[in-house]
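Before any comments, here is the structure.
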Amino acid sequence: MDVFFQQLVNAIVLGATYGLVALGYTMVYGIVQLINFAHGEIYMLGGFGALTTYLALPSGTPAGISLPLMLVGGIAVSVTAAVIMERFAYRPLRSAPRLAPLITAIGVSVFLQELVRNFYPHARSARNFPQLVNPDYQIRLGSNVQISAPQLLTVTVALVGMVTLSTFVRRSRTGRAMQATAQDPDTARLMGIDTDRIIVTAFVLGAALAALAGVSSGLQFGQVDFHMGFITGVKAFTAAVLGGIGNISGAVLGGFILGLVEVMATQYAPDPFSGGAWKDAWSFVVLIIVLVFRPTGLLGERVAARA
Amino acid sequence: MHPPRLVRIAAPLLIGALVLSACGSKKESGGSSGNKTLTIGVVAPLSGDLSAVGNGIKNSVDLAIKQANEKKTVKGYTLTMDAQDDTAKADVGATVAAKLVASSGVVGVVGPLNSSVAKSVAPVMAQADLVEISPSNSNVDLTGRGALVTGGTQVRPYKSYFRVVASDDIQGPFAAQFAVKTVMAKTIAIVHDKKAYGQGLAEAFAKEATKDGATVLKTETINPGDKDFSATITKLKAQKPDFLFYGGEYPEASLLTKQLKSAGLKIPLMGGDGVQSDEYTKIAGAAAEGDYATALGAPTDSLASAKQFVTDYAAAKYADPIGPYGAYAYDAANVIIAALAKSTASGSKSGQALRDDVTKAVQDANYDGITGKITFDQFGDTTVKVLTVYQVKSGKFVAAKTDTFK
């Protein structure tokens, strides 16, 4: 049973990152029906922003000071990139056919990757990320079940981010305006909601959460690289669709289910379909089954087609 | 109105190409002091991530040519070098190979560095029967050895392709013998990335390790590009291995060894030449300590016979270091030079006749190089299969054992 519980811990850590990034996909989709494929790169930029902050700090800064500053630095870079991206790549295409912003998103994704690869110093190969939280520090949860300090940090950061977002969307004025815009942008505008501002807010919140995930990935694996956003982005997008794209709780649920399926498939899937290389195949089997029975995803609501 | 515009663009390009090709053919005609000129080509990555290694190859060939000219090894001829940048890409490799083949003064080529590039260069060279010696390719298919792995008959795919290092099907078993007989590994976990190189290496390792008496656990696979290997590690940990072999490259290997040791599974990781990189120790840090990796050939600084070469290379003040394959490139160039001397001794030949003769002479080569004796089997593989196991000590790969595979 120890192995099972250890794998459960692994699944929660993996799912937390997926869920955190999936929230960005789902919020933007919920409001502007845009699949922002460059969101993975926002996650990557968060990691690089934190690394830059760390390198700018005088060496010997205690982790208690540098870590919060790195989080702020990562969020600042991601949010700035997301706002610029929304303003110059997506807003001009707001009334264009849906395919145009989608292709633009892929272009932005490639652009951001190449930007980092070519202009960030030594970013052609992976850059070492400071391991401020020692991965060898293991917290025992059972006789043979453990979680490393950076893994625990990842889960904590993810849960705090998710709860804060959920509270913000449900309780705050801006949050309710976001819900209104998602339900019916035209009526929301008639009621005096500045929808442009709401759309930017969705991008900003998504970017901040992705930055948190990017920084915790850097801390967990000790490196950041320019293509780290691609795979995580694809997985997070899958998680968002699985949970019901457009639904905030769905993104979190989808993230954890995806993490669980990947990990458990690695451990328990029957031969010859076991092992890490098959885990993604199992994830998509689950996705397909869910979509066959619930085309809108687990928590997705049937949305009336817009004119 | 499109055709005229096309002509306007195409005409200068065409003229430019003609001028360039004119420049190219000028090189072939006779050099100074009545000597005729022969050219040895180099195909290697001279720009990009692998440029340091590629330039080490180019400089070593350059050195061999300069020394041969001083000693007048090929009587009546002056040798020159034509180095082409393949940028480590297969398509660029094919283009520069065609360029070398078209230049009739080129009578032999050293390179390329990458097996993937070799797969597109070798067919072009073979068609023109232009001899090509690689200082570093390890892919089994380049000499048809892939058939041996699956139990078939070896057929040589490229008649003018040779290499002076051992192939991957030797590297895996070599690593396995070291793991079982020297490290005394009993229960071995095997992980690979499902790519041709990684899977081939891991399968060859597993077969030999089982034969040598170790218990080999069921092979686990990961995806290239993944970062979180905790599920795979948890699964392996429950089976209590005392050694792990990884078939793949350093980006995943470095993260794997780090997470392995963080999870409390403190066993050495061993990989092939894809792992033997400074990047591996840089990323993995302290977790890499004690890990192993094999590499082709012997380390240049350990070869007594290569001392003079190392001194001469330093004296020539090249911008890039010798690198892991410089000594092999130097030997490869010297094999071609010796073949040229033999082919031109019996009278003046040129063009295709000379290329045919040089290829034949390389096939029969019996040359005392700085890396050891160089002879080729009928498939173009070196008959001397020297490999080295490296171990990470104080954050650096240090040669632990250099041996000939038996």
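Note on naming: chains are A, B, ... as they come in the structure tokens, residues start from 1 per chain, ligands start from 1 in the order shown.
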
Can you pull out every residue from range 100-206 of chain A that DSSP, working from the backbone, puts in strand (DSSP E or B), and format the result as a PyMOL selection string? chain A and resi 127-128+138-140+146-148

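For Gln151 in chain A, the non-local neighbours within 9 Å, defined as residues at least 6 positions apart in the same chain or in other chains and counting only C-alpha atoms, are Asn10, Val13, Leu14, Pro135, Ser216, Ser217, Leu219 and Gln220 of chain A.
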
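Closest approach to Gly272 in chain B among B:Tyr330, B:Tyr77, B:Tyr325, B:Tyr390 is made by B:Tyr390 (distances from only C-alpha atoms).
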
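Across A:Pro150, A:Gly254, A:Gly244, A:Gly24, the tightest approach to chain B is made by A:Pro150 when counting only C-alpha atoms.
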
Determine which residues of range 159-241 of chain B receive a DSSP assignment of alpha helix (DSSP H), computed from the backbone, and state them as a VMD selection string. chain B and resid 168 to 177 196 to 211 230 to 237

Using only C-alpha atoms, determine which residues lie at most 12 Å from Ala76 in chain A, disregarding the query and same-chain residues fewer than 4 positions distant; provide the list as number ranges by chain. A: 42-43, 45-50, 52-53, 69-72, 80-83, 204-205, 207-212

Quick one: residues within 9 Å of Gly274 in chain B, only C-alpha atoms counted, chain neighbours fewer than 5 positions away excluded, as a CSV table (one decimal) with N, CA and C atoms, in the first residue's frame?
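part22.csv, freshly written:
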chain,number,residue,atom,x,y,z
B,197,TYR,N,18.3,5.8,-30.6
B,197,TYR,CA,19.6,5.7,-29.9
B,197,TYR,C,19.4,5.1,-28.5
B,198,GLY,N,18.5,5.7,-27.7
B,198,GLY,CA,18.3,5.3,-26.3
B,198,GLY,C,17.8,3.9,-26.2
B,247,GLY,N,19.1,4.7,-21.1
B,247,GLY,CA,19.4,4.9,-22.6
B,247,GLY,C,18.7,6.1,-23.0
B,248,GLY,N,19.6,7.1,-23.4
B,248,GLY,CA,19.0,8.4,-23.8
B,248,GLY,C,20.0,9.5,-23.7
B,249,GLU,N,19.6,10.7,-23.6
B,249,GLU,CA,20.5,11.8,-23.5
B,249,GLU,C,20.5,12.6,-22.2
B,250,TYR,N,21.5,13.5,-22.1
B,250,TYR,CA,21.7,14.1,-20.8
B,250,TYR,C,20.5,15.0,-20.2
B,293,ALA,N,29.2,7.0,-17.3
B,293,ALA,CA,28.8,7.1,-18.7
B,293,ALA,C,29.9,6.6,-19.6
B,294,THR,N,29.5,5.9,-20.7
B,294,THR,CA,30.5,5.4,-21.6
B,294,THR,C,30.7,6.4,-22.7
B,295,ALA,N,31.9,6.3,-23.4
B,295,ALA,CA,32.1,7.1,-24.6
B,295,ALA,C,32.9,6.4,-25.5

Hey, what's within 9 Å of Thr174 in chain A if we count only C-alpha atoms and toss same-chain stuff fewer than 4 positions away? As JSON, numbers by chain, please? {"A": [168, 169, 178, 179, 198, 201]}

Limited to N, CA and C atoms, could you put the picked residues into a file as a PDB file, in the first residue's frame?
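selection.pdb, freshly written:
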ATOM      1  N   PHE A 168     -11.990  35.332  -5.374  1.00  0.00           N
ATOM      2  CA  PHE A 168     -11.998  36.581  -6.132  1.00  0.00           C
ATOM      3  C   PHE A 168     -13.142  36.590  -7.144  1.00  0.00           C
ATOM      4  N   VAL A 169     -13.261  35.496  -7.880  1.00  0.00           N
ATOM      5  CA  VAL A 169     -14.264  35.456  -8.932  1.00  0.00           C
ATOM      6  C   VAL A 169     -15.682  35.479  -8.349  1.00  0.00           C
ATOM      7  N   MET A 178     -16.627  39.507 -14.344  1.00  0.00           N
ATOM      8  CA  MET A 178     -16.051  38.473 -15.213  1.00  0.00           C
ATOM      9  C   MET A 178     -17.101  37.412 -15.533  1.00  0.00           C
ATOM     10  N   GLN A 179     -17.823  36.982 -14.488  1.00  0.00           N
ATOM     11  CA  GLN A 179     -18.861  35.961 -14.708  1.00  0.00           C
ATOM     12  C   GLN A 179     -19.916  36.477 -15.680  1.00  0.00           C
ATOM     13  N   ILE A 198     -12.213  43.664 -18.423  1.00  0.00           N
ATOM     14  CA  ILE A 198     -12.470  42.340 -17.851  1.00  0.00           C
ATOM     15  C   ILE A 198     -11.630  41.281 -18.571  1.00  0.00           C
ATOM     16  N   THR A 201      -8.213  41.505 -17.361  1.00  0.00           N
ATOM     17  CA  THR A 201      -8.140  40.924 -16.016  1.00  0.00           C
ATOM     18  C   THR A 201      -8.004  39.403 -16.093  1.00  0.00           C
TER      19      THR A 201
END

Could you list, as a PyMOL selection string, the residues of chain A having an atom within 6 Å of chain B when counting only C-alpha atoms? chain A and resi 135-136+263+267+275-277

C-alpha atoms of the current selection, written as a short mmCIF file (atom, residue, chain, number, x, y, z; two decimals), in the first residue's frame:
data_model
loop_
_atom_site.label_atom_id
_atom_site.label_comp_id
_atom_site.auth_asym_id
_atom_site.auth_seq_id
_atom_site.Cartn_x
_atom_site.Cartn_y
_atom_site.Cartn_z
CA PRO A 135 14.79 18.64 -2.69
CA ASP A 136 16.64 16.20 -0.45
CA VAL A 263 0.90 8.41 -12.39
CA GLN A 267 2.50 2.07 -11.96
CA GLY A 275 5.44 2.59 -18.19
CA GLY A 276 6.04 6.27 -18.54
CA ALA A 277 5.89 6.33 -22.30
#

Using only C-alpha atoms, which residues sit within 7 Å of Asn137 in chain B once same-chain residues fewer than 4 positions away are excluded, as a VMD selection string? chain B and resid 113 to 115 163

Write out as a list in words which residues come within 10 Å of Lys89 in chain B when counting only C-alpha atoms, dropping same-chain ones fewer than 3 positions away. Ala44, Pro45, Asp85, Asp86, Val92, Gly93, Ala94, Asn114, Ser116, Val117, Ala118 and Ser120 of chain B

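Taking CA of Leu142 in chain B as the reference point, CA of Leu201 in chain B is found at 15.5 Å.
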
Go through B:Ala361, B:Val389, B:Ile322, B:Ile133 and flag the residue nearest Pro112 in chain B, using only C-alpha atoms for the distances. B:Ile133
